[in-house]
>>> print(open('target_23.txt').read())   # compact mmCIF, C-alpha atoms
# COMPACT_ATOMS: atom_id res chain seq x y z
CA MET J 1478 -20.96 1.61 55.83
CA ARG J 1479 -21.25 3.55 52.59
CA MET J 1480 -18.49 3.55 50.00
CA SER J 1481 -17.57 6.68 48.14
CA LYS J 1482 -18.05 6.71 44.38
CA TRP J 1483 -14.28 6.52 44.00
CA ALA J 1484 -13.97 3.47 46.32
CA HIS J 1485 -16.93 1.79 44.66
CA GLY J 1486 -15.35 2.35 41.21
CA MET J 1487 -12.01 0.96 42.40
CA ALA J 1488 -13.71 -2.13 43.85
CA ARG J 1489 -15.52 -2.75 40.54
CA ALA J 1490 -12.27 -2.28 38.61
CA GLY J 1491 -10.54 -4.78 40.90
CA LEU J 1492 -13.28 -7.37 40.40
CA GLY J 1493 -13.18 -6.73 36.66
CA ALA J 1494 -9.43 -7.30 36.60
CA LEU J 1495 -9.84 -10.47 38.66
CA GLY J 1496 -12.52 -11.68 36.26
CA ALA J 1497 -10.29 -10.92 33.29
CA CYS J 1498 -7.47 -12.93 34.85
CA VAL J 1499 -9.75 -15.88 35.53
CA LEU J 1500 -11.24 -15.74 32.04
CA SER J 1501 -7.85 -15.45 30.37
CA THR J 1502 -6.48 -18.49 32.19
CA PRO J 1503 -6.71 -21.44 29.79
CA LEU J 1504 -9.22 -24.08 30.80
CA TRP J 1505 -6.56 -26.76 30.32
CA ALA J 1506 -4.08 -25.13 32.74
CA ALA J 1507 -5.15 -27.48 35.54
CA ASP J 1508 -4.60 -30.41 33.15
CA ALA J 1509 -0.98 -29.56 32.31
CA GLU J 1510 1.53 -32.29 31.51
CA GLN J 1511 5.25 -32.44 30.95
CA ALA J 1512 5.98 -34.28 27.72
CA VAL J 1513 8.72 -35.17 25.26
CA TRP J 1514 8.61 -35.59 21.49
CA THR J 1515 8.96 -39.26 20.61
CA GLU J 1516 9.63 -40.57 17.12
CA LYS J 1517 7.14 -43.10 15.77
CA THR J 1518 7.04 -44.99 12.49
CA VAL J 1519 3.97 -46.69 11.08
CA HIS J 1520 3.45 -48.71 7.92
CA PHE J 1521 -0.22 -48.38 7.02
CA VAL J 1522 -2.09 -50.23 4.26
CA TYR J 1523 -5.71 -49.33 3.60
CA THR J 1524 -7.92 -52.32 2.77
CA GLY J 1525 -11.44 -50.84 2.56
CA PHE J 1526 -14.21 -52.14 0.31
CA THR J 1527 -16.61 -49.19 0.16
CA THR J 1528 -14.34 -46.24 -0.59
CA HIS J 1529 -11.23 -46.50 -2.72
CA TYR J 1530 -8.32 -44.06 -2.54
CA SER J 1531 -5.51 -43.10 -4.80
CA CYS J 1532 -2.16 -43.13 -3.02
CA ASP J 1533 -1.96 -39.33 -3.00
CA GLY J 1534 -5.59 -39.04 -1.84
CA LEU J 1535 -4.97 -41.43 1.05
CA ARG J 1536 -1.75 -39.60 1.92
CA GLU J 1537 -3.58 -36.26 2.24
CA GLN J 1538 -6.48 -37.72 4.27
CA VAL J 1539 -4.16 -39.45 6.73
CA ARG J 1540 -1.75 -36.49 6.96
CA ASP J 1541 -4.67 -34.26 7.97
CA MET J 1542 -5.70 -36.77 10.66
CA LEU J 1543 -2.13 -37.04 11.99
CA LEU J 1544 -1.92 -33.28 12.43
CA GLN J 1545 -5.29 -33.21 14.21
CA LEU J 1546 -4.04 -35.94 16.54
CA GLY J 1547 -1.00 -33.82 17.45
CA ALA J 1548 1.85 -35.02 15.21
CA ARG J 1549 4.59 -32.39 14.93
CA LYS J 1550 4.14 -30.68 11.56
CA GLU J 1551 7.77 -29.63 11.00
CA ASP J 1552 9.11 -33.15 10.54
CA LEU J 1553 6.02 -35.16 9.61
CA LYS J 1554 6.72 -37.45 6.66
CA VAL J 1555 3.94 -39.41 4.97
CA ARG J 1556 5.18 -41.31 1.92
CA GLU J 1557 3.17 -43.47 -0.45
CA SER J 1558 4.10 -47.14 -0.71
CA GLY J 1559 2.94 -50.05 -2.83
CA CYS J 1560 1.40 -47.77 -5.44
CA THR J 1561 1.11 -49.26 -8.92
CA ARG J 1562 -1.35 -46.97 -10.71
CA LEU J 1563 -0.98 -43.55 -12.26
CA ALA J 1564 -1.27 -40.57 -9.93
CA GLY J 1565 -4.90 -39.94 -8.98
CA ALA J 1566 -6.15 -43.41 -9.92
CA PRO J 1567 -7.70 -45.56 -7.16
CA GLU J 1568 -5.40 -48.26 -5.81
CA PRO J 1569 -6.60 -51.66 -4.59
CA PHE J 1570 -4.46 -51.46 -1.41
CA PRO J 1571 -2.75 -48.07 -1.10
CA GLY J 1572 -0.07 -47.89 1.53
CA LEU J 1573 1.77 -45.24 3.50
CA ASP J 1574 5.05 -45.12 5.38
CA ILE J 1575 4.70 -42.61 8.21
CA LYS J 1576 7.51 -41.08 10.23
CA MET J 1577 6.39 -38.60 12.87
CA HIS J 1578 7.05 -37.19 16.31
CA VAL J 1579 4.28 -37.36 18.89
CA LEU J 1580 4.08 -36.21 22.49
CA THR J 1581 4.43 -38.73 25.27
CA PRO J 1582 4.14 -37.87 28.96
CA VAL J 1583 7.37 -37.67 30.95
CA THR J 1584 7.75 -40.59 33.32
CA GLY J 1585 10.88 -40.15 35.42
CA ALA J 1586 14.01 -38.43 34.13
CA ALA J 1587 13.79 -37.30 30.52
CA SER J 1588 16.78 -37.62 28.18
CA GLN J 1589 15.16 -35.21 25.69
CA PRO J 1590 13.96 -31.61 26.00
CA VAL J 1591 10.74 -31.43 28.01
CA VAL J 1592 7.83 -29.35 26.70
CA ALA J 1593 4.67 -28.14 28.41
CA ALA J 1594 1.58 -29.89 27.08
CA HIS J 1595 -2.13 -30.21 27.74
CA TRP J 1596 -5.07 -32.39 26.79
CA LYS J 1597 -7.15 -31.16 23.87
CA PRO J 1598 -10.48 -32.65 22.78
CA ILE J 1599 -10.64 -33.52 19.08
CA ASP J 1600 -13.32 -34.85 16.78
CA LEU J 1601 -11.79 -36.37 13.65
CA LEU J 1602 -15.17 -36.44 11.94
CA ALA J 1603 -15.95 -32.76 12.52
CA HIS J 1604 -14.52 -31.90 9.09
CA HIS J 1605 -16.33 -34.81 7.40
CA PRO J 1606 -20.10 -34.39 7.71
CA GLY J 1607 -22.82 -36.77 6.52
CA LEU J 1608 -21.99 -38.94 3.52
CA ASP J 1609 -18.37 -37.84 3.54
CA ALA J 1610 -17.91 -39.39 7.00
CA ALA J 1611 -19.93 -42.45 6.01
CA GLY J 1612 -17.68 -42.94 3.00
CA GLN J 1613 -14.62 -42.84 5.24
CA CYS J 1614 -15.94 -45.26 7.83
CA GLU J 1615 -13.45 -47.99 6.95
CA LEU J 1616 -10.57 -45.52 6.89
CA PHE J 1617 -11.44 -44.24 10.38
CA GLU J 1618 -11.72 -47.82 11.61
CA GLU J 1619 -8.28 -48.70 10.26
CA VAL J 1620 -6.72 -45.45 11.54
CA LYS J 1621 -8.10 -46.20 15.01
CA HIS J 1622 -6.63 -49.70 14.91
CA ASP J 1623 -3.27 -49.08 13.20
CA ILE J 1624 -2.29 -45.43 13.78
CA LEU J 1625 -4.03 -44.16 16.92
CA PRO J 1626 -1.97 -46.40 19.26
CA SER J 1627 1.10 -44.30 18.32
CA PHE J 1628 -0.46 -41.26 20.02
CA THR J 1629 -1.11 -40.42 23.65
CA VAL J 1630 -4.91 -40.30 23.89
CA ARG J 1631 -7.51 -40.57 26.61
CA ASN J 1632 -11.31 -40.67 26.79
CA LEU J 1633 -11.61 -42.34 23.40
CA ASP J 1634 -15.16 -42.30 22.03
CA PHE J 1635 -15.19 -44.46 18.90
CA ILE J 1636 -17.94 -46.03 16.85
CA ALA J 1637 -17.55 -47.36 13.33
CA GLU J 1638 -20.45 -49.45 12.13
CA CYS J 1639 -19.08 -50.03 8.65
CA VAL J 1640 -20.97 -52.22 6.23
CA PRO J 1641 -18.93 -53.06 3.11
CA HIS J 1642 -20.29 -51.45 -0.06
CA GLN J 1643 -22.84 -49.35 1.89
CA LEU J 1644 -22.85 -45.82 3.25
CA THR J 1645 -24.41 -45.42 6.68
CA PRO J 1646 -24.43 -41.72 7.70
CA GLY J 1647 -24.10 -41.14 11.43
CA ALA J 1648 -22.75 -44.64 12.15
CA GLN J 1649 -19.24 -43.42 12.91
CA ARG J 1650 -17.57 -41.32 15.60
CA LEU J 1651 -13.96 -40.79 16.57
CA LYS J 1652 -13.47 -38.36 19.44
CA ALA J 1653 -10.72 -38.30 22.02
CA GLU J 1654 -8.49 -36.07 24.06
CA VAL J 1655 -4.97 -35.89 22.69
CA LEU J 1656 -1.78 -34.55 24.21
CA VAL J 1657 -0.65 -31.36 22.40
CA THR J 1658 1.95 -28.69 23.13
CA ASP J 1659 1.11 -25.44 24.79
CA ALA J 1660 1.20 -22.52 22.30
CA LEU J 1661 4.51 -21.13 23.58
CA SER J 1662 6.36 -24.45 23.41
CA ALA J 1663 5.24 -25.72 20.01
CA SER J 1664 8.76 -26.71 18.97
CA PRO J 1665 11.61 -28.16 21.02
>>> encode(input="target_23.txt", output="structure tokens")
Amino acid sequence: MRMSKWAHGMARAGLGALGACVLSTPLWAADAEQAVWTEKTVHFVYTGFTTHYSCDGLREQVRDMLLQLGARKEDLKVRESGCTRLAGAPEPFPGLDIKMHVLTPVTGAASQPVVAAHWKPIDLLAHHPGLDAAGQCELFEEVKHDILPSFTVRNLDFIAECVPHQLTPGAQRLKAEVLVTDALSASP
């Protein structure tokens, strides 16, 4: 059976539209979750030997990581604590008090507004290549231990072979999938 040019064109257009629909469907759609924003507080004190931070420098590094992990930006508070030196000067043990909201999956009836969420792969070291990442090895190790448990993560891939007072490029990795809101439900 031969198709007319018109029928052939319509069939191609239909397949094109179907392909466009399939391609425009987010890859994470099958991995959808219902979640609620949950308040978390963390007191964090950095105790590294290789790299030293000022309180404001540590605050900015950790704030960036919190946002990458999915903390809600609108009400994220990261305050310096235990700082004794002038602004910008390295502290022996800089501290932070963190108050944030993170997504947690709904289990049963939710008493808060439910938002649509999905799993997103992240690589915390992607913005810190080579020696920069090596210099932050101890920070990533402490963040993994003290801050990461506040987030909903899965498929954690972590390596931190930190040697005090030495930089070892490529000896660290912190990748995971984190629960984040869908674009249309970014705020409650």
>>> residues_around(input="target_23.txt", residues="Lys1621 (chain J)", least_positions_apart="6", cutoff="12 Å", atoms="only C-alpha atoms", output="compact mmCIF listing (two decimals) with C-alpha atoms, keeping the file's coordinate frame")
# COMPACT_ATOMS: atom_id res chain seq x y z
CA PHE J 1521 -0.22 -48.38 7.02
CA VAL J 1539 -4.16 -39.45 6.73
CA MET J 1542 -5.70 -36.77 10.66
CA LEU J 1543 -2.13 -37.04 11.99
CA LEU J 1546 -4.04 -35.94 16.54
CA LEU J 1601 -11.79 -36.37 13.65
CA CYS J 1614 -15.94 -45.26 7.83
CA GLU J 1615 -13.45 -47.99 6.95
CA SER J 1627 1.10 -44.30 18.32
CA PHE J 1628 -0.46 -41.26 20.02
CA VAL J 1630 -4.91 -40.30 23.89
CA LEU J 1633 -11.61 -42.34 23.40
CA ASP J 1634 -15.16 -42.30 22.03
CA PHE J 1635 -15.19 -44.46 18.90
CA ILE J 1636 -17.94 -46.03 16.85
CA ALA J 1637 -17.55 -47.36 13.33
CA GLN J 1649 -19.24 -43.42 12.91
CA ARG J 1650 -17.57 -41.32 15.60
CA LEU J 1651 -13.96 -40.79 16.57
CA LYS J 1652 -13.47 -38.36 19.44
CA ALA J 1653 -10.72 -38.30 22.02
>>> closest_residue(input="target_23.txt", among="J:Phe1570, J:Trp1514, J:Tyr1530, J:Tyr1523", to="Arg1549 (chain J)", atoms="all atoms listed in the file")
J:Trp1514
>>> residues_around(input="target_23.txt", residues="Lys1550 (chain J)", least_positions_apart="6", cutoff="12 Å", atoms="all atoms listed in the file", output="PyMOL selection string")
chain J and resi 1514+1540-1544+1576-1579+1657-1658+1663-1664
>>> atom_distance(input="target_23.txt", atom1="CA of Glu1516 (chain J)", atom2="CA of Gly1534 (chain J)")
24.4 Å
>>> atom_distance(input="target_23.txt", atom1="CA of Ala1587 (chain J)", atom2="CA of Glu1510 (chain J)")
13.3 Å
>>> residues_near_point(input="target_23.txt", point="(2.5, -29.2, 28.1)", cutoff="9 Å", atoms="all atoms listed in the file", output="ChimeraX atom specification")
/J:1508-1512,1582,1591-1596,1656-1660,1662
>>> write_last_selection(input="target_23.txt", atoms="C-alpha atoms", output="PDB file, in the coordinates of the input")
ATOM      1  CA  ASP J1508      -4.600 -30.410  33.150  1.00  0.00           C
ATOM      2  CA  ALA J1509      -0.980 -29.560  32.310  1.00  0.00           C
ATOM      3  CA  GLU J1510       1.530 -32.290  31.510  1.00  0.00           C
ATOM      4  CA  GLN J1511       5.250 -32.440  30.950  1.00  0.00           C
ATOM      5  CA  ALA J1512       5.980 -34.280  27.720  1.00  0.00           C
ATOM      6  CA  PRO J1582       4.140 -37.870  28.960  1.00  0.00           C
ATOM      7  CA  VAL J1591      10.740 -31.430  28.010  1.00  0.00           C
ATOM      8  CA  VAL J1592       7.830 -29.350  26.700  1.00  0.00           C
ATOM      9  CA  ALA J1593       4.670 -28.140  28.410  1.00  0.00           C
ATOM     10  CA  ALA J1594       1.580 -29.890  27.080  1.00  0.00           C
ATOM     11  CA  HIS J1595      -2.130 -30.210  27.740  1.00  0.00           C
ATOM     12  CA  TRP J1596      -5.070 -32.390  26.790  1.00  0.00           C
ATOM     13  CA  LEU J1656      -1.780 -34.550  24.210  1.00  0.00           C
ATOM     14  CA  VAL J1657      -0.650 -31.360  22.400  1.00  0.00           C
ATOM     15  CA  THR J1658       1.950 -28.690  23.130  1.00  0.00           C
ATOM     16  CA  ASP J1659       1.110 -25.440  24.790  1.00  0.00           C
ATOM     17  CA  ALA J1660       1.200 -22.520  22.300  1.00  0.00           C
ATOM     18  CA  SER J1662       6.360 -24.450  23.410  1.00  0.00           C
TER      19      SER J1662
END
>>> atom_distance(input="target_23.txt", atom1="CA of Gly1572 (chain J)", atom2="CA of Ile1599 (chain J)")
25.0 Å
>>> residues_around(input="target_23.txt", residues="Pro1569 (chain J)", least_positions_apart="3", cutoff="12 Å", atoms="all atoms listed in the file", output="ChimeraX atom specification")
/J:1522-1532,1535,1559-1562,1566,1572
>>> closest_residue(input="target_23.txt", among="J:Val1513, J:Ala1564, J:Val1555, J:Val1519", to="Gln1538 (chain J)", atoms="all atoms listed in the file")
J:Val1555
>>> closest_residue(input="target_23.txt", among="J:Lys1597, J:Arg1556, J:His1622, J:Lys1517", to="Glu1654 (chain J)", atoms="only C-alpha atoms")
J:Lys1597
>>> closest_residue(input="target_23.txt", among="J:Pro1641, J:Glu1551, J:Glu1537, J:Phe1617", to="Asp1600 (chain J)", atoms="all atoms listed in the file")
J:Phe1617
